[in-house]
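final-v1.pdb (PDB, C-alpha atoms) appears below.
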MODEL        1
ATOM      1  CA  MET A 113      14.469  -8.658 -29.622
ATOM      2  CA  GLU A 114      18.106  -7.974 -28.753
ATOM      3  CA  GLN A 115      19.198  -9.515 -25.474
ATOM      4  CA  THR A 116      20.968  -7.426 -22.862
ATOM      5  CA  PRO A 117      24.539  -8.700 -22.336
ATOM      6  CA  LEU A 118      25.040 -10.419 -19.014
ATOM      7  CA  GLU A 119      27.079  -8.688 -16.345
ATOM      8  CA  PRO A 120      30.535 -10.242 -15.752
ATOM      9  CA  ALA A 121      29.497 -11.979 -12.526
ATOM     10  CA  ALA A 122      26.415 -13.474 -14.190
ATOM     11  CA  ARG A 123      28.507 -14.709 -17.137
ATOM     12  CA  ALA A 124      30.969 -16.324 -14.758
ATOM     13  CA  ALA A 125      28.157 -17.947 -12.779
ATOM     14  CA  ALA A 126      26.654 -19.358 -15.975
ATOM     15  CA  ALA A 127      30.027 -20.777 -17.042
ATOM     16  CA  LEU A 128      30.561 -22.376 -13.631
ATOM     17  CA  ALA A 129      27.104 -23.937 -13.799
ATOM     18  CA  ARG A 130      28.056 -25.517 -17.150
ATOM     19  CA  GLY A 131      31.075 -27.137 -15.505
ATOM     20  CA  ASP A 132      33.569 -24.796 -17.186
ATOM     21  CA  LEU A 133      36.746 -23.320 -15.713
ATOM     22  CA  VAL A 134      36.844 -19.577 -15.038
ATOM     23  CA  GLY A 135      39.684 -17.234 -14.100
ATOM     24  CA  LEU A 136      38.532 -15.308 -11.017
ATOM     25  CA  PRO A 137      40.026 -12.371  -9.111
ATOM     26  CA  THR A 138      40.506 -12.523  -5.376
ATOM     27  CA  GLU A 139      42.407 -10.241  -3.044
ATOM     28  CA  THR A 140      45.117 -12.899  -2.601
ATOM     29  CA  VAL A 141      45.860 -14.164  -6.127
ATOM     30  CA  TYR A 142      43.723 -15.007  -9.156
ATOM     31  CA  GLY A 143      41.988 -18.350  -8.861
ATOM     32  CA  LEU A 144      41.181 -21.119 -11.331
ATOM     33  CA  GLY A 145      37.517 -21.572 -10.452
ATOM     34  CA  ALA A 146      35.159 -24.516 -10.882
ATOM     35  CA  ASP A 147      31.925 -25.674  -9.311
ATOM     36  CA  ALA A 148      33.117 -27.373  -6.111
ATOM     37  CA  THR A 149      30.055 -29.634  -6.092
ATOM     38  CA  GLN A 150      30.813 -31.179  -9.527
ATOM     39  CA  ALA A 151      33.598 -33.774  -9.511
ATOM     40  CA  ASP A 152      33.916 -33.589 -13.305
ATOM     41  CA  ALA A 153      34.451 -29.823 -13.116
ATOM     42  CA  VAL A 154      36.965 -30.122 -10.262
ATOM     43  CA  ALA A 155      38.914 -32.749 -12.214
ATOM     44  CA  LYS A 156      39.424 -30.142 -14.936
ATOM     45  CA  ILE A 157      41.322 -27.984 -12.430
ATOM     46  CA  PHE A 158      43.898 -30.715 -11.817
ATOM     47  CA  ALA A 159      44.217 -31.392 -15.547
ATOM     48  CA  ALA A 160      44.620 -27.704 -16.434
ATOM     49  CA  LYS A 161      47.256 -27.008 -13.793
ATOM     50  CA  GLY A 162      49.418 -29.967 -14.904
ATOM     51  CA  ARG A 163      51.451 -32.459 -12.841
ATOM     52  CA  PRO A 164      48.560 -32.524 -10.395
ATOM     53  CA  HIS A 165      48.486 -33.888  -6.897
ATOM     54  CA  PHE A 166      45.140 -34.572  -5.312
ATOM     55  CA  ASN A 167      45.688 -32.085  -2.505
ATOM     56  CA  PRO A 168      42.455 -30.684  -1.093
ATOM     57  CA  LEU A 169      41.269 -27.488  -2.741
ATOM     58  CA  ILE A 170      39.946 -24.421  -0.952
ATOM     59  CA  SER A 171      36.217 -23.926  -1.482
ATOM     60  CA  HIS A 172      35.210 -20.272  -1.671
ATOM     61  CA  VAL A 173      31.832 -19.091  -0.414
ATOM     62  CA  ALA A 174      30.161 -15.714   0.024
ATOM     63  CA  SER A 175      29.591 -15.726   3.777
ATOM     64  CA  LEU A 176      30.162 -17.483   7.094
ATOM     65  CA  GLU A 177      26.568 -18.716   6.904
ATOM     66  CA  ALA A 178      27.343 -20.424   3.585
ATOM     67  CA  ALA A 179      30.534 -21.868   5.052
ATOM     68  CA  GLU A 180      28.678 -23.332   8.034
ATOM     69  CA  ALA A 181      26.450 -25.275   5.654
ATOM     70  CA  LEU A 182      29.585 -27.120   4.512
ATOM     71  CA  GLY A 183      31.819 -27.329   7.588
ATOM     72  CA  VAL A 184      31.487 -27.747  11.355
ATOM     73  CA  PHE A 185      32.649 -24.574  13.115
ATOM     74  CA  SER A 186      33.766 -24.774  16.732
ATOM     75  CA  PRO A 187      33.637 -21.572  18.841
ATOM     76  CA  LEU A 188      37.313 -20.959  18.010
ATOM     77  CA  ALA A 189      36.767 -21.447  14.284
ATOM     78  CA  ARG A 190      33.808 -19.075  14.387
ATOM     79  CA  LYS A 191      35.884 -16.529  16.318
ATOM     80  CA  MET A 192      38.579 -16.604  13.640
ATOM     81  CA  ALA A 193      36.011 -16.353  10.863
ATOM     82  CA  HIS A 194      34.453 -13.288  12.468
ATOM     83  CA  ALA A 195      37.907 -11.716  12.845
ATOM     84  CA  PHE A 196      39.286 -12.352   9.364
ATOM     85  CA  TRP A 197      36.419 -12.982   6.954
ATOM     86  CA  PRO A 198      36.008 -11.785   4.338
ATOM     87  CA  GLY A 199      39.764 -11.908   3.855
ATOM     88  CA  PRO A 200      42.913 -13.943   3.183
ATOM     89  CA  LEU A 201      42.324 -16.753   5.686
ATOM     90  CA  SER A 202      41.346 -20.314   4.813
ATOM     91  CA  LEU A 203      39.987 -22.447   7.636
ATOM     92  CA  VAL A 204      40.201 -26.238   7.632
ATOM     93  CA  VAL A 205      37.306 -27.661   9.637
ATOM     94  CA  PRO A 206      35.410 -30.979   9.765
ATOM     95  CA  ARG A 207      32.981 -31.538   6.902
ATOM     96  CA  GLN A 208      29.265 -31.537   7.546
ATOM     97  CA  ALA A 209      27.667 -34.942   7.047
ATOM     98  CA  ASP A 210      25.662 -33.563   4.114
ATOM     99  CA  CYS A 211      28.454 -31.367   2.725
ATOM    100  CA  ALA A 212      27.712 -30.522  -0.912
ATOM    101  CA  VAL A 213      31.370 -30.178  -1.920
ATOM    102  CA  CYS A 214      32.525 -33.244  -3.860
ATOM    103  CA  ASP A 215      35.037 -35.739  -2.476
ATOM    104  CA  LEU A 216      37.598 -34.848  -5.141
ATOM    105  CA  ALA A 217      37.757 -31.211  -3.988
ATOM    106  CA  CYS A 218      38.329 -32.435  -0.412
ATOM    107  CA  ALA A 219      40.783 -35.168  -1.481
ATOM    108  CA  GLY A 220      38.508 -37.751   0.096
ATOM    109  CA  LEU A 221      39.163 -36.346   3.573
ATOM    110  CA  ASP A 222      36.695 -35.701   6.384
ATOM    111  CA  THR A 223      37.797 -32.052   6.565
ATOM    112  CA  ILE A 224      37.179 -29.141   4.213
ATOM    113  CA  ALA A 225      39.153 -25.948   3.515
ATOM    114  CA  LEU A 226      36.890 -22.884   3.323
ATOM    115  CA  ARG A 227      37.404 -19.193   2.615
ATOM    116  CA  VAL A 228      35.228 -16.106   2.280
ATOM    117  CA  PRO A 229      37.154 -13.818  -0.106
ATOM    118  CA  ALA A 230      36.983 -10.042   0.160
ATOM    119  CA  HIS A 231      37.316  -9.086  -3.510
ATOM    120  CA  PRO A 232      34.051  -7.389  -4.519
ATOM    121  CA  LEU A 233      33.894  -8.994  -7.980
ATOM    122  CA  MET A 234      34.540 -12.447  -6.558
ATOM    123  CA  GLN A 235      31.795 -11.786  -4.016
ATOM    124  CA  GLU A 236      29.420 -10.914  -6.865
ATOM    125  CA  VAL A 237      30.268 -14.178  -8.615
ATOM    126  CA  LEU A 238      29.725 -16.257  -5.484
ATOM    127  CA  ARG A 239      26.380 -14.633  -4.761
ATOM    128  CA  ALA A 240      25.249 -14.991  -8.381
ATOM    129  CA  PHE A 241      26.348 -18.646  -8.506
ATOM    130  CA  GLY A 242      24.988 -19.598  -5.111
ATOM    131  CA  LYS A 243      27.285 -22.598  -4.644
ATOM    132  CA  PRO A 244      30.876 -23.095  -3.409
ATOM    133  CA  VAL A 245      33.663 -22.496  -5.912
ATOM    134  CA  ALA A 246      36.928 -24.438  -5.785
ATOM    135  CA  ALA A 247      39.651 -22.021  -6.855
ATOM    136  CA  PRO A 248      43.353 -22.784  -6.426
ATOM    137  CA  SER A 249      45.815 -20.309  -7.908
ATOM    138  CA  ALA A 250      45.320 -19.922 -11.666
ATOM    139  CA  ASN A 251      48.765 -21.019 -12.743
ATOM    140  CA  ILE A 252      50.438 -24.059 -14.247
ATOM    141  CA  SER A 253      51.963 -26.088 -11.419
ATOM    142  CA  GLY A 254      55.396 -24.784 -10.475
ATOM    143  CA  ARG A 255      54.950 -21.315 -11.941
ATOM    144  CA  PRO A 256      54.425 -18.082  -9.996
ATOM    145  CA  SER A 257      50.889 -17.385  -8.871
ATOM    146  CA  PRO A 258      48.985 -14.885 -11.038
ATOM    147  CA  THR A 259      48.094 -11.467  -9.675
ATOM    148  CA  THR A 260      46.503  -9.959 -12.811
ATOM    149  CA  ALA A 261      43.995 -11.144 -15.376
ATOM    150  CA  ASP A 262      46.693 -10.921 -18.055
ATOM    151  CA  HIS A 263      48.799 -13.416 -16.112
ATOM    152  CA  VAL A 264      45.917 -15.878 -16.231
ATOM    153  CA  ARG A 265      45.291 -15.340 -19.942
ATOM    154  CA  ALA A 266      48.989 -15.844 -20.692
ATOM    155  CA  GLU A 267      49.008 -19.025 -18.619
ATOM    156  CA  PHE A 268      45.936 -20.731 -20.072
ATOM    157  CA  GLY A 269      45.096 -18.984 -23.343
ATOM    158  CA  ASP A 270      41.655 -20.022 -24.563
ATOM    159  CA  ARG A 271      41.379 -23.086 -22.300
ATOM    160  CA  LEU A 272      39.173 -21.154 -19.850
ATOM    161  CA  ALA A 273      35.586 -20.146 -20.545
ATOM    162  CA  LEU A 274      36.426 -16.595 -19.466
ATOM    163  CA  VAL A 275      38.741 -14.592 -17.233
ATOM    164  CA  LEU A 276      37.245 -11.819 -15.120
ATOM    165  CA  ASP A 277      39.468  -8.777 -14.703
ATOM    166  CA  GLY A 278      39.276  -7.454 -11.169
ATOM    167  CA  GLY A 279      42.489  -5.465 -11.314
ATOM    168  CA  PRO A 280      45.762  -6.429  -9.640
ATOM    169  CA  SER A 281      45.414  -8.636  -6.568
ATOM    170  CA  ALA A 282      45.594  -6.511  -3.448
ATOM    171  CA  VAL A 283      47.377  -9.098  -1.299
ATOM    172  CA  GLY A 284      49.415 -10.950  -3.893
ATOM    173  CA  LEU A 285      50.079 -13.923  -1.607
ATOM    174  CA  GLU A 286      47.948 -17.006  -1.160
ATOM    175  CA  SER A 287      45.744 -17.144   1.909
ATOM    176  CA  ALA A 288      47.013 -18.296   5.267
ATOM    177  CA  VAL A 289      45.630 -21.729   6.120
ATOM    178  CA  VAL A 290      44.713 -22.685   9.677
ATOM    179  CA  ALA A 291      43.166 -25.988  10.744
ATOM    180  CA  VAL A 292      40.708 -25.545  13.610
ATOM    181  CA  LEU A 293      39.593 -28.861  15.040
ATOM    182  CA  GLY A 294      37.753 -28.158  18.269
ATOM    183  CA  ASP A 295      39.769 -25.767  20.425
ATOM    184  CA  ARG A 296      43.092 -26.440  18.688
ATOM    185  CA  ALA A 297      44.368 -24.225  15.883
ATOM    186  CA  THR A 298      47.269 -25.373  13.707
ATOM    187  CA  LEU A 299      49.028 -23.117  11.226
ATOM    188  CA  LEU A 300      49.333 -25.118   8.022
ATOM    189  CA  ARG A 301      50.441 -22.387   5.637
ATOM    190  CA  LEU A 302      51.600 -18.825   6.057
ATOM    191  CA  GLY A 303      50.056 -16.422   3.593
ATOM    192  CA  GLY A 304      48.169 -13.160   3.457
ATOM    193  CA  LEU A 305      47.930 -12.898   7.257
ATOM    194  CA  THR A 306      50.844 -12.795   9.665
ATOM    195  CA  ARG A 307      51.348 -15.294  12.434
ATOM    196  CA  GLU A 308      51.098 -12.413  14.896
ATOM    197  CA  ALA A 309      47.694 -11.328  13.605
ATOM    198  CA  LEU A 310      46.395 -14.879  13.736
ATOM    199  CA  GLU A 311      47.733 -15.541  17.228
ATOM    200  CA  ALA A 312      46.227 -12.305  18.514
ATOM    201  CA  VAL A 313      42.842 -13.968  17.913
ATOM    202  CA  ALA A 314      43.542 -17.696  18.234
ATOM    203  CA  GLY A 315      46.342 -17.747  20.790
ATOM    204  CA  PRO A 316      49.565 -19.702  20.151
ATOM    205  CA  LEU A 317      49.263 -21.718  16.966
ATOM    206  CA  LEU A 318      50.336 -25.339  16.798
ATOM    207  CA  THR A 319      52.745 -26.563  14.139
ATOM    208  CA  PRO A 320      51.872 -29.718  12.205
ATOM    209  CA  ASP A 321      53.974 -32.743  13.029
ATOM    210  CA  ALA A 322      55.530 -33.815   9.743
ATOM    211  CA  SER A 323      55.861 -37.364  11.070
ATOM    212  CA  ALA A 324      52.237 -37.642  12.203
ATOM    213  CA  LYS A 325      50.213 -40.133  10.190
ATOM    214  CA  ALA A 326      46.983 -38.162  10.596
ATOM    215  CA  ALA A 327      48.232 -34.580  10.284
ATOM    216  CA  PRO A 328      45.616 -31.893   9.592
ATOM    217  CA  ALA A 329      44.610 -31.574   5.956
ATOM    218  CA  SER A 330      45.655 -28.540   3.961
ATOM    219  CA  PRO A 331      46.221 -27.565   0.357
ATOM    220  CA  GLY A 332      49.875 -28.023  -0.550
ATOM    221  CA  MET A 333      50.742 -30.501   2.229
ATOM    222  CA  ILE A 334      51.567 -34.197   2.050
ATOM    223  CA  LEU A 335      48.458 -35.812   3.454
ATOM    224  CA  ARG A 336      46.909 -39.079   4.391
ATOM    225  CA  HIS A 337      44.135 -39.535   1.882
ATOM    226  CA  TYR A 338      41.074 -41.776   1.867
ATOM    227  CA  ALA A 339      42.010 -45.422   2.075
ATOM    228  CA  PRO A 340      39.400 -48.216   1.982
ATOM    229  CA  GLN A 341      39.030 -50.790   4.730
ATOM    230  CA  ALA A 342      39.542 -53.564   2.185
ATOM    231  CA  PRO A 343      43.045 -54.308   0.898
ATOM    232  CA  VAL A 344      43.815 -52.772  -2.494
ATOM    233  CA  ARG A 345      45.601 -54.677  -5.262
ATOM    234  CA  LEU A 346      46.945 -52.635  -8.160
ATOM    235  CA  ASN A 347      47.599 -53.341 -11.853
ATOM    236  CA  ALA A 348      45.129 -56.219 -11.890
ATOM    237  CA  THR A 349      43.554 -57.658 -15.041
ATOM    238  CA  HIS A 350      40.795 -59.610 -13.311
ATOM    239  CA  ALA A 351      39.225 -60.195  -9.897
ATOM    240  CA  GLN A 352      39.419 -63.336  -7.797
ATOM    241  CA  PRO A 353      36.272 -64.666  -6.045
ATOM    242  CA  GLY A 354      35.244 -62.250  -3.295
ATOM    243  CA  GLU A 355      37.151 -59.321  -4.794
ATOM    244  CA  VAL A 356      35.649 -56.213  -6.427
ATOM    245  CA  MET A 357      37.149 -54.957  -9.683
ATOM    246  CA  ILE A 358      37.542 -51.313 -10.653
ATOM    247  CA  GLY A 359      38.421 -51.148 -14.325
ATOM    248  CA  PHE A 360      39.779 -48.405 -16.535
ATOM    249  CA  GLY A 361      39.093 -48.124 -20.229
ATOM    250  CA  PRO A 362      37.506 -50.674 -22.594
ATOM    251  CA  GLY A 363      37.742 -54.392 -21.900
ATOM    252  CA  TYR A 364      36.401 -54.272 -18.362
ATOM    253  CA  GLU A 365      32.704 -54.716 -19.132
ATOM    254  CA  GLY A 366      32.409 -57.358 -16.410
ATOM    255  CA  ALA A 367      33.955 -55.153 -13.715
ATOM    256  CA  ALA A 368      31.719 -53.874 -10.918
ATOM    257  CA  PHE A 369      32.993 -50.341 -11.587
ATOM    258  CA  ASN A 370      34.931 -48.559 -14.312
ATOM    259  CA  LEU A 371      36.711 -45.270 -13.657
ATOM    260  CA  SER A 372      36.258 -44.365 -17.329
ATOM    261  CA  PRO A 373      35.017 -46.840 -19.957
ATOM    262  CA  SER A 374      36.516 -44.612 -22.660
ATOM    263  CA  GLY A 375      39.905 -44.330 -20.941
ATOM    264  CA  ASP A 376      39.568 -40.617 -20.121
ATOM    265  CA  LEU A 377      41.878 -39.739 -17.232
ATOM    266  CA  ALA A 378      39.931 -36.616 -16.224
ATOM    267  CA  GLU A 379      36.780 -38.714 -15.921
ATOM    268  CA  ALA A 380      38.747 -41.305 -13.954
ATOM    269  CA  ALA A 381      40.005 -38.644 -11.555
ATOM    270  CA  ALA A 382      36.473 -37.389 -10.994
ATOM    271  CA  HIS A 383      35.237 -40.892 -10.161
ATOM    272  CA  LEU A 384      38.190 -42.178  -8.150
ATOM    273  CA  PHE A 385      37.169 -41.465  -4.554
ATOM    274  CA  ALA A 386      33.489 -42.203  -5.085
ATOM    275  CA  MET A 387      34.220 -45.590  -6.677
ATOM    276  CA  LEU A 388      36.697 -46.561  -3.958
ATOM    277  CA  ARG A 389      34.020 -45.792  -1.380
ATOM    278  CA  ALA A 390      31.330 -47.690  -3.322
ATOM    279  CA  ALA A 391      33.588 -50.716  -3.785
ATOM    280  CA  ASP A 392      34.521 -50.710  -0.104
ATOM    281  CA  ALA A 393      30.842 -50.642   0.872
ATOM    282  CA  LEU A 394      30.463 -54.090  -0.741
ATOM    283  CA  ASN A 395      32.801 -55.543   1.940
ATOM    284  CA  PRO A 396      35.038 -57.364  -0.550
ATOM    285  CA  THR A 397      38.067 -59.445   0.369
ATOM    286  CA  ALA A 398      40.039 -56.964  -1.747
ATOM    287  CA  ILE A 399      39.551 -54.115  -4.203
ATOM    288  CA  VAL A 400      41.490 -54.715  -7.398
ATOM    289  CA  ILE A 401      42.385 -51.877  -9.746
ATOM    290  CA  ALA A 402      43.141 -52.095 -13.444
ATOM    291  CA  PRO A 403      46.408 -50.568 -14.713
ATOM    292  CA  ILE A 404      46.315 -46.761 -14.988
ATOM    293  CA  PRO A 405      48.632 -44.947 -17.438
ATOM    294  CA  LYS A 406      51.080 -42.798 -15.471
ATOM    295  CA  THR A 407      50.733 -39.831 -17.794
ATOM    296  CA  GLY A 408      48.958 -36.526 -17.149
ATOM    297  CA  LEU A 409      46.303 -37.009 -14.498
ATOM    298  CA  GLY A 410      47.212 -40.685 -14.396
ATOM    299  CA  GLU A 411      50.324 -39.837 -12.402
ATOM    300  CA  ALA A 412      48.229 -38.386  -9.591
ATOM    301  CA  ILE A 413      45.662 -41.185  -9.813
ATOM    302  CA  ALA A 414      48.430 -43.770  -9.526
ATOM    303  CA  ASP A 415      49.929 -41.893  -6.589
ATOM    304  CA  ARG A 416      46.646 -41.902  -4.670
ATOM    305  CA  LEU A 417      46.001 -45.555  -5.480
ATOM    306  CA  ALA A 418      49.490 -46.433  -4.242
ATOM    307  CA  ARG A 419      48.674 -44.659  -0.979
ATOM    308  CA  ALA A 420      45.379 -46.523  -0.742
ATOM    309  CA  ALA A 421      47.202 -49.814  -1.264
ATOM    310  CA  ASP A 422      49.809 -49.050   1.409
ATOM    311  CA  ARG A 423      48.397 -50.471   4.648
ATOM    312  CA  SER A 424      51.017 -48.522   6.636
ATOM    313  CA  CYS A 425      49.440 -45.175   5.675
TER
ENDMDL
END
Written as structure tokens, that's how I'd like the structure from this file.
Amino acid sequence: MEQTPLEPAARAAAALARGDLVGLPTETVYGLGADATQADAVAKIFAAKGRPHFNPLISHVASLEAAEALGVFSPLARKMAHAFWPGPLSLVVPRQADCAVCDLACAGLDTIALRVPAHPLMQEVLRAFGKPVAAPSANISGRPSPTTADHVRAEFGDRLALVLDGGPSAVGLESAVVAVLGDRATLLRLGGLTREALEAVAGPLLTPDASAKAAPASPGMILRHYAPQAPVRLNATHAQPGEVMIGFGPGYEGAAFNLSPSGDLAEAAAHLFAMLRAADALNPTAIVIAPIPKTGLGEAIADRLARAADRSC
């Protein structure tokens, strides 16, 4: 019996469930989508975009109700969501204790960036998939953001499972990003909403202090990322008594953890935050990290490990 072809949204949802990358239309720009709950899938986003930095990614959901299952919404955050969702606003709020979005998508932070997009096809995908979708702009790092499906196809060729064509992006600019922590709203990124429109709802917006060591988290900003309580020693070949070793590649069979026994940098990226947390939970005198090649994703891994090792962060 001949099977009925799946509708585009159902095909995209199936691809996301497999851990594949999908080109998705939104009203802002086209996104490079992956299952936000799967670290392995999210790691593919950083690898595909090239020269990655582990900035937090925006998780897209179908409704405010779905967003509230992931983040803690103060009255002000809820007021802004009611005013601008669905639409080109991303809200950075504290993560729920049982937040399903993986650490890698949140850059190991205790906040999460959330958006409810307005594009009808993207809404269909989110409702069919039923889980949050991490979806930064579907472009190679440093190139213009894509506003058509053809832009995405030209950028990535056959590296994506599929690209849904939702027509040209209506907004054509990335979403505005506002951090709402309690009754304070900070504008982190201008985008598809004007400052005036945002302030008409939120009141005067704060500006992040570039010198602050604990500035609000946002995609595209230099951030303080997760750092363990234990000191971190890099480029180690073995652990001293009391230390916990995190290896990389073959030859570290005796290590407590290994970011990737096969030496796969995408796998290492997916495991990085979780293994740092697990190692720290053992209360070691230090966490020692095997050398990581500074190529591809290794550059970003090394950057985050250097931040973790810097006690002044």
Residue IDs satisfying the PyMOL selection byres ((chain A and resi 220) around 12), as a PyMOL selection string: chain A and resi 151+166-169+207+213-219+221-224+329+335-340+381-389+416+420
Which residues, written as an NGL selection string, have at least one atom at most 7 Å from Pro198 of chain A, with all atoms listed in the file counted and residues fewer than 6 positions away on the same chain left out? :A and (228-230)
Please evaluate the PyMOL selection byres ((chain A and resi 201) around 9) against the structure above and give the resulting residues as an NGL selection string. :A and (192-193 or 196-200 or 202-203 or 226-229 or 286-290 or 303-305)
Calculate how many Å separate atom CA of Pro403 of chain A from atom CA of Ile252 of chain A, rounding to one decimal.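 Separating atom CA of Pro403 of chain A from atom CA of Ile252 of chain A is a distance of 26.8 Å.
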Let me know the residues the PyMOL selection byres ((chain A and resi 412-415) around 9) catches in the file above, as a ChimeraX atom specification. /A:163-166,377,380-381,384,403-411,416-420
C-alpha atoms of the current selection, written as a PDB file, keeping the file's coordinate frame:
ATOM      1  CA  ARG A 163      51.451 -32.459 -12.841  1.00  0.00           C
ATOM      2  CA  PRO A 164      48.560 -32.524 -10.395  1.00  0.00           C
ATOM      3  CA  HIS A 165      48.486 -33.888  -6.897  1.00  0.00           C
ATOM      4  CA  PHE A 166      45.140 -34.572  -5.312  1.00  0.00           C
ATOM      5  CA  LEU A 377      41.878 -39.739 -17.232  1.00  0.00           C
ATOM      6  CA  ALA A 380      38.747 -41.305 -13.954  1.00  0.00           C
ATOM      7  CA  ALA A 381      40.005 -38.644 -11.555  1.00  0.00           C
ATOM      8  CA  LEU A 384      38.190 -42.178  -8.150  1.00  0.00           C
ATOM      9  CA  PRO A 403      46.408 -50.568 -14.713  1.00  0.00           C
ATOM     10  CA  ILE A 404      46.315 -46.761 -14.988  1.00  0.00           C
ATOM     11  CA  PRO A 405      48.632 -44.947 -17.438  1.00  0.00           C
ATOM     12  CA  LYS A 406      51.080 -42.798 -15.471  1.00  0.00           C
ATOM     13  CA  THR A 407      50.733 -39.831 -17.794  1.00  0.00           C
ATOM     14  CA  GLY A 408      48.958 -36.526 -17.149  1.00  0.00           C
ATOM     15  CA  LEU A 409      46.303 -37.009 -14.498  1.00  0.00           C
ATOM     16  CA  GLY A 410      47.212 -40.685 -14.396  1.00  0.00           C
ATOM     17  CA  GLU A 411      50.324 -39.837 -12.402  1.00  0.00           C
ATOM     18  CA  ARG A 416      46.646 -41.902  -4.670  1.00  0.00           C
ATOM     19  CA  LEU A 417      46.001 -45.555  -5.480  1.00  0.00           C
ATOM     20  CA  ALA A 418      49.490 -46.433  -4.242  1.00  0.00           C
ATOM     21  CA  ARG A 419      48.674 -44.659  -0.979  1.00  0.00           C
ATOM     22  CA  ALA A 420      45.379 -46.523  -0.742  1.00  0.00           C
TER      23      ALA A 420
END
I'd like the interatomic distance between atom CA of Ile170 of chain A and atom CA of Val141 of chain A, to a tenth of an Å. 12.9 Å
Between A:Pro137, A:Ala126, A:Gln208, A:Asp147, which one has atoms that come closest to Val275 of chain A, using all atoms listed in the file? A:Pro137
List the spatial neighbours of Thr149 of chain A as a ChimeraX atom specification - criterion: any atom at most 12 Å away, only C-alpha atoms, same-chain residues fewer than 3 positions off excluded. /A:128-131,145-146,152-155,169,171-172,182,210-218,241-246,382
Just to confirm, what's the straight-line distance from atom CA of Asp262 of chain A to atom CA of Gly284 of chain A in Å (one decimal)?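 Separating atom CA of Asp262 of chain A from atom CA of Gly284 of chain A is a distance of 14.4 Å.
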I'd like the contact shell of Ala125 of chain A - 8 Å cut-off, only C-alpha atoms, skipping same-chain residues fewer than 6 positions apart - returned as a list in words.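 So, after excluding close chain neighbours, the residues are Val237, Leu238, Ala240 and Phe241 of chain A.
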So, with all atoms listed in the file as the atoms that count, which of A:Leu317, A:Asp132, A:Leu176, A:Val400 lies closest to Lys156 of chain A?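 Closest to Lys156 of chain A, using all atoms listed in the file: A:Asp132.
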